[in-house]
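Presented below is the structure to which this report refers.
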Amino acid sequence: MLQRVAEGVLVHESECIQSNAVVVEGGDGALLVDPGITRIEMLAIAHDLRALGLPVVAGFSTHPDWDHVLWHERFGVVPRYGTAPCAEAMRMLLANDDWQALVAEGLPPEWADDIPLELFGRITGLPSGAERIPWSGPRIRIIEHRAHAPGHAALLIEERRVLVAGDMLSDILVPFLDLEADDPVEDYLASLQRFDAIAGDVDVVIPGHGSVGDAEQLRARIALDRAYVEALRDGVRPDDPRTGPSAPLDWLADVDAWQAQRLAERVSRDPLEPPG
């Protein structure tokens, strides 16, 4: 069920890793951001939108991970925007004859049969460096960075003072670095600095996974994520409640250890380069 978190902004939280689909109300209809995850959940979103009298007029994918490029026919045939790198990543993936098998490898087994791939990844890339979503609703600023994935974008709904963060600023997930980037640590720290710079313009933060937070929680999450990434950079174990004994997801400790190992391997391969 859609829950209103700010004026003109609603959220549907999936049972799958607390994934958040975001609806932004506009004069002609709704912008739908990162809809998911299962068929039943997307049908529920479509039903709620119909009950509100809100046709979907556009979509947006914050980045090219599988759970952020899903769609359902009930949302209609509308532009589904993303950054240029996000769209290019999808174009390259869908060019493979066996793309469905490649995507299926990354799906959680307990949900795989319920995740629709019929309209997967059909993203229209915005011009490089685009700063706004082209639609008739509230002004939405695109904050593109490379902290988690190439072409990742957060969205600042300026009139509503809402930050849609994509796969960042979560209360249940630690930062997942883009370990294929030239400098994943500095990429992540730079994006957190950008969030810090706009924090005064935000009353509500919506992460890709986890709980919606207020302005105080936004600043706390920025600080917690920065501490985590700096600990990885410095080769020390992060003191982070998301990976400790009371962590909400027991498998995060394995992800944490894997990221630390990968970063350590990068440093050992080229010890003259700074960590990251």
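Residues are named by chain letter and number: chains run A, B, ... in the order of the structure tokens, numbers start at 1 in each chain, and ligands are numbered from 1 in the order shown.
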Worksheet item: Using the chain letters and numbers from this document, which residues of region 121-228 of chain A does DSSP assign to strand (DSSP E), as a list in words?
Response: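 Checking each residue of region 121-228 of chain A, the strand (DSSP E) ones are Thr124, Gly125, Ile140, Arg141, Ile142, Ile143, Glu144, His145, His152, Ala153, Ala154, Leu155, Leu156, Ile157, Val162, Leu163, Val164, Ala165, Gly166, Val204, Val205, Ile206, Pro207, Gly213 and Asp214 of chain A.
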Practice prompt. Extract, using only C-alpha atoms, all DNA, RNA and protein residues at most 6 Å from Ala58 (chain A), discarding same-chain residues fewer than 6 positions from it, and format them as a list in words.
Written response: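 Here the answer would be Leu31, Val78, Pro79 and Arg80 of chain A.
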Item to complete: Could you tell me, as number ranges by chain, which residues of region 117-275 of chain A DSSP assigns to alpha helix (DSSP H) when given the backbone?
Response: A: 184-198, 215-234, 252-269
Writer output for current selection, N, CA and C atoms, as a short mmCIF file (atom, residue, chain, number, x, y, z; two decimals), in the first residue's frame:
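File written: again_33.cif
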data_model
loop_
_atom_site.label_atom_id
_atom_site.label_comp_id
_atom_site.auth_asym_id
_atom_site.auth_seq_id
_atom_site.Cartn_x
_atom_site.Cartn_y
_atom_site.Cartn_z
N PRO A 184 36.83 3.72 -5.75
CA PRO A 184 35.50 3.56 -5.14
C PRO A 184 35.33 4.30 -3.82
N VAL A 185 36.38 4.36 -3.03
CA VAL A 185 36.27 5.04 -1.73
C VAL A 185 36.06 6.53 -1.92
N GLU A 186 36.90 7.17 -2.73
CA GLU A 186 36.75 8.61 -2.92
C GLU A 186 35.45 8.95 -3.65
N ASP A 187 35.02 8.07 -4.56
CA ASP A 187 33.72 8.29 -5.22
C ASP A 187 32.61 8.35 -4.18
N TYR A 188 32.66 7.42 -3.23
CA TYR A 188 31.60 7.37 -2.23
C TYR A 188 31.66 8.57 -1.30
N LEU A 189 32.87 8.90 -0.85
CA LEU A 189 32.99 10.04 0.06
C LEU A 189 32.57 11.35 -0.63
N ALA A 190 32.87 11.48 -1.92
CA ALA A 190 32.47 12.68 -2.66
C ALA A 190 30.96 12.79 -2.74
N SER A 191 30.28 11.67 -2.94
CA SER A 191 28.81 11.71 -3.02
C SER A 191 28.21 12.07 -1.66
N LEU A 192 28.78 11.55 -0.60
CA LEU A 192 28.28 11.90 0.74
C LEU A 192 28.48 13.38 1.01
N GLN A 193 29.57 13.95 0.50
CA GLN A 193 29.78 15.38 0.65
C GLN A 193 28.71 16.17 -0.08
N ARG A 194 28.29 15.69 -1.24
CA ARG A 194 27.22 16.36 -1.99
C ARG A 194 25.91 16.31 -1.21
N PHE A 195 25.63 15.15 -0.59
CA PHE A 195 24.43 15.05 0.23
C PHE A 195 24.51 15.99 1.43
N ASP A 196 25.69 16.07 2.02
CA ASP A 196 25.88 16.95 3.17
C ASP A 196 25.60 18.40 2.78
N ALA A 197 25.98 18.77 1.56
CA ALA A 197 25.83 20.15 1.11
C ALA A 197 24.36 20.55 0.92
N ILE A 198 23.50 19.57 0.65
CA ILE A 198 22.08 19.89 0.44
C ILE A 198 21.21 19.48 1.62
N ALA A 215 15.02 14.88 8.74
CA ALA A 215 16.23 15.66 8.52
C ALA A 215 17.35 15.24 9.47
N GLU A 216 17.00 15.01 10.73
CA GLU A 216 18.01 14.59 11.70
C GLU A 216 18.60 13.24 11.33
N GLN A 217 17.74 12.32 10.91
CA GLN A 217 18.22 10.99 10.51
C GLN A 217 19.07 11.06 9.25
N LEU A 218 18.74 11.98 8.33
CA LEU A 218 19.57 12.15 7.14
C LEU A 218 21.00 12.47 7.54
N ARG A 219 21.19 13.45 8.40
CA ARG A 219 22.54 13.83 8.81
C ARG A 219 23.24 12.68 9.55
N ALA A 220 22.48 11.95 10.36
CA ALA A 220 23.07 10.82 11.08
C ALA A 220 23.51 9.72 10.11
N ARG A 221 22.73 9.49 9.07
CA ARG A 221 23.07 8.45 8.10
C ARG A 221 24.28 8.86 7.26
N ILE A 222 24.37 10.13 6.91
CA ILE A 222 25.55 10.60 6.19
C ILE A 222 26.79 10.35 7.04
N ALA A 223 26.72 10.71 8.32
CA ALA A 223 27.87 10.53 9.21
C ALA A 223 28.22 9.06 9.38
N LEU A 224 27.20 8.21 9.53
CA LEU A 224 27.44 6.78 9.72
C LEU A 224 28.06 6.17 8.47
N ASP A 225 27.55 6.54 7.30
CA ASP A 225 28.10 6.01 6.05
C ASP A 225 29.53 6.49 5.83
N ARG A 226 29.79 7.76 6.18
CA ARG A 226 31.15 8.28 6.02
C ARG A 226 32.12 7.51 6.93
N ALA A 227 31.71 7.27 8.15
CA ALA A 227 32.57 6.54 9.09
C ALA A 227 32.84 5.13 8.59
N TYR A 228 31.81 4.49 8.00
CA TYR A 228 31.98 3.14 7.48
C TYR A 228 32.98 3.11 6.34
N VAL A 229 32.83 4.04 5.39
CA VAL A 229 33.71 4.05 4.22
C VAL A 229 35.13 4.41 4.62
N GLU A 230 35.28 5.35 5.53
CA GLU A 230 36.63 5.71 5.98
C GLU A 230 37.29 4.55 6.71
N ALA A 231 36.52 3.78 7.46
CA ALA A 231 37.08 2.60 8.13
C ALA A 231 37.57 1.58 7.11
N LEU A 232 36.77 1.35 6.06
CA LEU A 232 37.22 0.45 4.99
C LEU A 232 38.52 0.96 4.37
N ARG A 233 38.56 2.25 4.10
CA ARG A 233 39.75 2.86 3.50
C ARG A 233 40.98 2.66 4.37
N ASP A 234 40.79 2.78 5.68
CA ASP A 234 41.92 2.74 6.60
C ASP A 234 42.26 1.33 7.06
N LEU A 252 24.70 -9.26 5.92
CA LEU A 252 25.50 -8.06 5.68
C LEU A 252 26.93 -8.19 6.20
N ALA A 253 27.11 -8.98 7.24
CA ALA A 253 28.47 -9.17 7.75
C ALA A 253 29.37 -9.79 6.68
N ASP A 254 28.81 -10.68 5.87
CA ASP A 254 29.59 -11.29 4.79
C ASP A 254 29.91 -10.26 3.70
N VAL A 255 28.97 -9.40 3.38
CA VAL A 255 29.22 -8.35 2.40
C VAL A 255 30.30 -7.40 2.91
N ASP A 256 30.21 -7.05 4.17
CA ASP A 256 31.20 -6.17 4.80
C ASP A 256 32.60 -6.78 4.68
N ALA A 257 32.73 -8.05 5.03
CA ALA A 257 34.03 -8.72 4.97
C ALA A 257 34.53 -8.80 3.53
N TRP A 258 33.63 -9.05 2.59
CA TRP A 258 34.02 -9.15 1.17
C TRP A 258 34.53 -7.81 0.65
N GLN A 259 33.83 -6.73 0.99
CA GLN A 259 34.28 -5.41 0.54
C GLN A 259 35.65 -5.08 1.12
N ALA A 260 35.83 -5.35 2.40
CA ALA A 260 37.12 -5.07 3.03
C ALA A 260 38.24 -5.86 2.35
N GLN A 261 37.97 -7.13 2.02
CA GLN A 261 38.98 -7.96 1.35
C GLN A 261 39.31 -7.41 -0.03
N ARG A 262 38.28 -7.03 -0.79
CA ARG A 262 38.51 -6.52 -2.14
C ARG A 262 39.34 -5.23 -2.11
N LEU A 263 39.04 -4.35 -1.18
CA LEU A 263 39.80 -3.11 -1.08
C LEU A 263 41.24 -3.38 -0.67
N ALA A 264 41.43 -4.32 0.25
CA ALA A 264 42.79 -4.67 0.68
C ALA A 264 43.58 -5.25 -0.49
N GLU A 265 42.92 -6.04 -1.32
CA GLU A 265 43.60 -6.61 -2.49
C GLU A 265 44.01 -5.53 -3.47
N ARG A 266 43.17 -4.51 -3.65
CA ARG A 266 43.51 -3.40 -4.54
C ARG A 266 44.76 -2.68 -4.06
N VAL A 267 44.84 -2.45 -2.76
CA VAL A 267 45.99 -1.74 -2.20
C VAL A 267 47.25 -2.58 -2.36
N SER A 268 47.14 -3.88 -2.10
CA SER A 268 48.32 -4.75 -2.19
C SER A 268 48.84 -4.88 -3.60
N ARG A 269 47.92 -4.77 -4.60
CA ARG A 269 48.36 -4.85 -6.00
C ARG A 269 49.15 -3.62 -6.41
#
Practice prompt. Could you give me, as a list in words, the residues within 7 Å of region 113-117 of chain A, counting only C-alpha atoms and dropping anything in the same chain fewer than 4 positions from it?
Written response: Ile37, Thr38, Arg39 and Leu70 of chain A
Worksheet item: When distances are computed from only C-alpha atoms, which of A:Ala44, A:Ile157, A:Val236, A:Leu2 shows the smallest separation from Arg139 (chain A)?
Response: A:Ile157
Would you write out, as JSON lines, a table of all residues in region 63-110 of chain A that have an atom no more than 8 Å from an atom of region 122-138 of chain A, listing for each the closest atom pair and the distance in Å to one decimal, considering only C-alpha atoms and ordering rows by chain and rising residue number?
{"residue": "A:Val69", "atom": "CA", "partner": "A:Arg122", "partner_atom": "CA", "distance": 7.5}
{"residue": "A:Pro79", "atom": "CA", "partner": "A:Thr124", "partner_atom": "CA", "distance": 6.6}
{"residue": "A:Arg80", "atom": "CA", "partner": "A:Ile123", "partner_atom": "CA", "distance": 5.2}
{"residue": "A:Tyr81", "atom": "CA", "partner": "A:Thr124", "partner_atom": "CA", "distance": 4.8}
{"residue": "A:Gly82", "atom": "CA", "partner": "A:Gly125", "partner_atom": "CA", "distance": 5.1}
{"residue": "A:Thr83", "atom": "CA", "partner": "A:Gly125", "partner_atom": "CA", "distance": 5.2}
{"residue": "A:Ala84", "atom": "CA", "partner": "A:Gly125", "partner_atom": "CA", "distance": 4.4}
{"residue": "A:Pro85", "atom": "CA", "partner": "A:Gly125", "partner_atom": "CA", "distance": 7.5}
{"residue": "A:Cys86", "atom": "CA", "partner": "A:Gly125", "partner_atom": "CA", "distance": 7.0}
{"residue": "A:Ala87", "atom": "CA", "partner": "A:Gly125", "partner_atom": "CA", "distance": 4.8}
{"residue": "A:Glu88", "atom": "CA", "partner": "A:Gly125", "partner_atom": "CA", "distance": 7.4}
{"residue": "A:Met90", "atom": "CA", "partner": "A:Ile123", "partner_atom": "CA", "distance": 7.1}
Proximity of region 128-199 of chain A to region 208-211 of chain A: per-residue shortest pair, 6 Å limit, only C-alpha atoms, as CSV:
residue,atom,partner,partner_atom,distance
A:Gly166,CA,A:Gly208,CA,4.4
A:Asp167,CA,A:Gly208,CA,4.7
A:Ser170,CA,A:Gly210,CA,5.6
A:Asp171,CA,A:Gly210,CA,5.8
A:Ile172,CA,A:Gly210,CA,5.6
Would you put the residues from that selection into a file with N, CA and C atoms, as a compact mmCIF listing (two decimals), in the first residue's frame?
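New file selection.txt:
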# COMPACT_ATOMS: atom_id res chain seq x y z
N GLY A 166 18.17 6.63 -3.80
CA GLY A 166 18.66 5.43 -4.46
C GLY A 166 19.30 4.50 -3.44
N ASP A 167 20.30 3.75 -3.85
CA ASP A 167 20.89 2.76 -2.93
C ASP A 167 21.94 3.37 -2.02
N SER A 170 20.91 4.30 3.79
CA SER A 170 19.98 3.31 4.33
C SER A 170 20.25 3.06 5.81
N ASP A 171 19.20 2.78 6.54
CA ASP A 171 19.37 2.40 7.94
C ASP A 171 19.55 0.90 8.11
N ILE A 172 19.40 0.13 7.03
CA ILE A 172 19.56 -1.33 7.15
C ILE A 172 20.72 -1.87 6.32
Worksheet entry | Distance of CA of Ala6 (chain A) from CA of Val57 (chain A), expressed in Å to one decimal place | 19.9 Å
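Going from CA of Leu43 (chain A) over to CA of Glu110 (chain A), you cover 19.2 Å.
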Worksheet item: Which value, in Å to one decimal, gives the distance between CA of Val24 (chain A) and CA of His145 (chain A)?
Response: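 Between these atoms lies a distance of 21.8 Å.
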Discussion item. With only C-alpha atoms as the counted atoms, please give the residues lying no more than 10 Å from Val11 (chain A), apart from itself and same-chain residues fewer than 2 positions off, as a PyMOL selection string.
Written reply: chain A and resi 1-6+9+13-14+19-24+32-33+35+45+206+212
Export, as a CSV table (one decimal), in the first residue's frame, the selected residues with N, CA and C atoms.
chain,number,residue,atom,x,y,z
A,1,MET,N,0.8,-1.2,0.0
A,1,MET,CA,0.0,0.0,0.0
A,1,MET,C,0.9,1.2,0.0
A,2,LEU,N,0.5,2.2,-0.8
A,2,LEU,CA,1.2,3.5,-0.8
A,2,LEU,C,1.0,4.3,0.5
A,3,GLN,N,2.1,4.8,1.0
A,3,GLN,CA,2.1,5.6,2.2
A,3,GLN,C,2.6,7.0,1.9
A,4,ARG,N,1.8,8.0,2.3
A,4,ARG,CA,2.3,9.4,2.1
A,4,ARG,C,3.4,9.8,3.1
A,5,VAL,N,4.5,10.2,2.6
A,5,VAL,CA,5.6,10.6,3.5
A,5,VAL,C,5.9,12.1,3.5
A,6,ALA,N,5.3,12.8,2.5
A,6,ALA,CA,5.4,14.2,2.4
A,6,ALA,C,4.3,14.7,1.4
A,9,VAL,N,4.2,13.2,-2.2
A,9,VAL,CA,5.2,12.1,-2.3
A,9,VAL,C,4.7,10.9,-1.5
A,13,GLU,N,6.7,0.2,0.2
A,13,GLU,CA,7.8,-0.6,0.7
A,13,GLU,C,7.6,-2.1,0.4
A,14,SER,N,8.5,-2.7,-0.4
A,14,SER,CA,8.5,-4.1,-0.7
A,14,SER,C,8.9,-5.0,0.4
A,19,SER,N,12.6,-2.7,-0.2
A,19,SER,CA,12.8,-1.8,-1.3
A,19,SER,C,11.7,-0.8,-1.4
A,20,ASN,N,12.1,0.4,-1.7
A,20,ASN,CA,11.1,1.5,-1.8
A,20,ASN,C,10.9,2.0,-3.2
A,21,ALA,N,9.6,1.9,-3.6
A,21,ALA,CA,9.1,2.6,-4.8
A,21,ALA,C,8.6,3.9,-4.4
A,22,VAL,N,8.9,4.9,-5.2
A,22,VAL,CA,8.5,6.3,-4.9
A,22,VAL,C,7.5,6.9,-5.9
A,23,VAL,N,6.5,7.5,-5.5
A,23,VAL,CA,5.5,8.2,-6.4
A,23,VAL,C,5.5,9.6,-6.1
A,24,VAL,N,5.7,10.4,-7.1
A,24,VAL,CA,5.7,11.9,-7.0
A,24,VAL,C,4.5,12.4,-7.8
A,32,LEU,N,7.0,7.8,-11.4
A,32,LEU,CA,7.2,6.5,-10.6
A,32,LEU,C,8.7,6.2,-10.6
A,33,VAL,N,9.3,6.2,-9.4
A,33,VAL,CA,10.7,6.0,-9.3
A,33,VAL,C,11.0,4.6,-8.7
A,35,PRO,N,10.1,1.4,-9.3
A,35,PRO,CA,9.0,0.5,-8.9
A,35,PRO,C,9.5,-0.9,-8.7
A,45,ILE,N,0.6,-1.3,-6.5
A,45,ILE,CA,0.9,0.1,-6.7
A,45,ILE,C,0.0,0.7,-7.8
A,206,ILE,N,14.4,9.3,1.5
A,206,ILE,CA,13.9,8.0,1.1
A,206,ILE,C,15.0,7.2,0.5
A,212,VAL,N,12.1,5.3,5.8
A,212,VAL,CA,12.1,6.7,5.4
A,212,VAL,C,12.6,7.5,6.7
Discussion item. Report as a list in words all protein, DNA and RNA residues lying within 10 Å of Glu180 (chain A), evaluated on only C-alpha atoms, omitting residues in the same chain fewer than 3 positions from it.
Written reply: Ala149, Pro150, Leu177, Asp183 and Pro184 of chain A
Worksheet item: Which residues, written as a VMD selection string, have at least one atom at most 6 Å from His148 (chain A), with only C-alpha atoms counted and residues fewer than 2 positions away on the same chain left out?
Response: chain A and resid 146 176 to 178
Discussion item. Give me the residues near region 98-109 of chain A as a list in words, where near means some atom within 10 Å (using only C-alpha atoms) and where sequence neighbours in that chain fewer than 4 positions away do not count.
Written reply: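 These residues fall inside the cut-off: Cys16, Ile17, Asp65, Trp66, Asp67, Met92, Leu93, Leu94, Asp113, Asp114, Ile115, Leu117, Glu118 and Phe120 of chain A.
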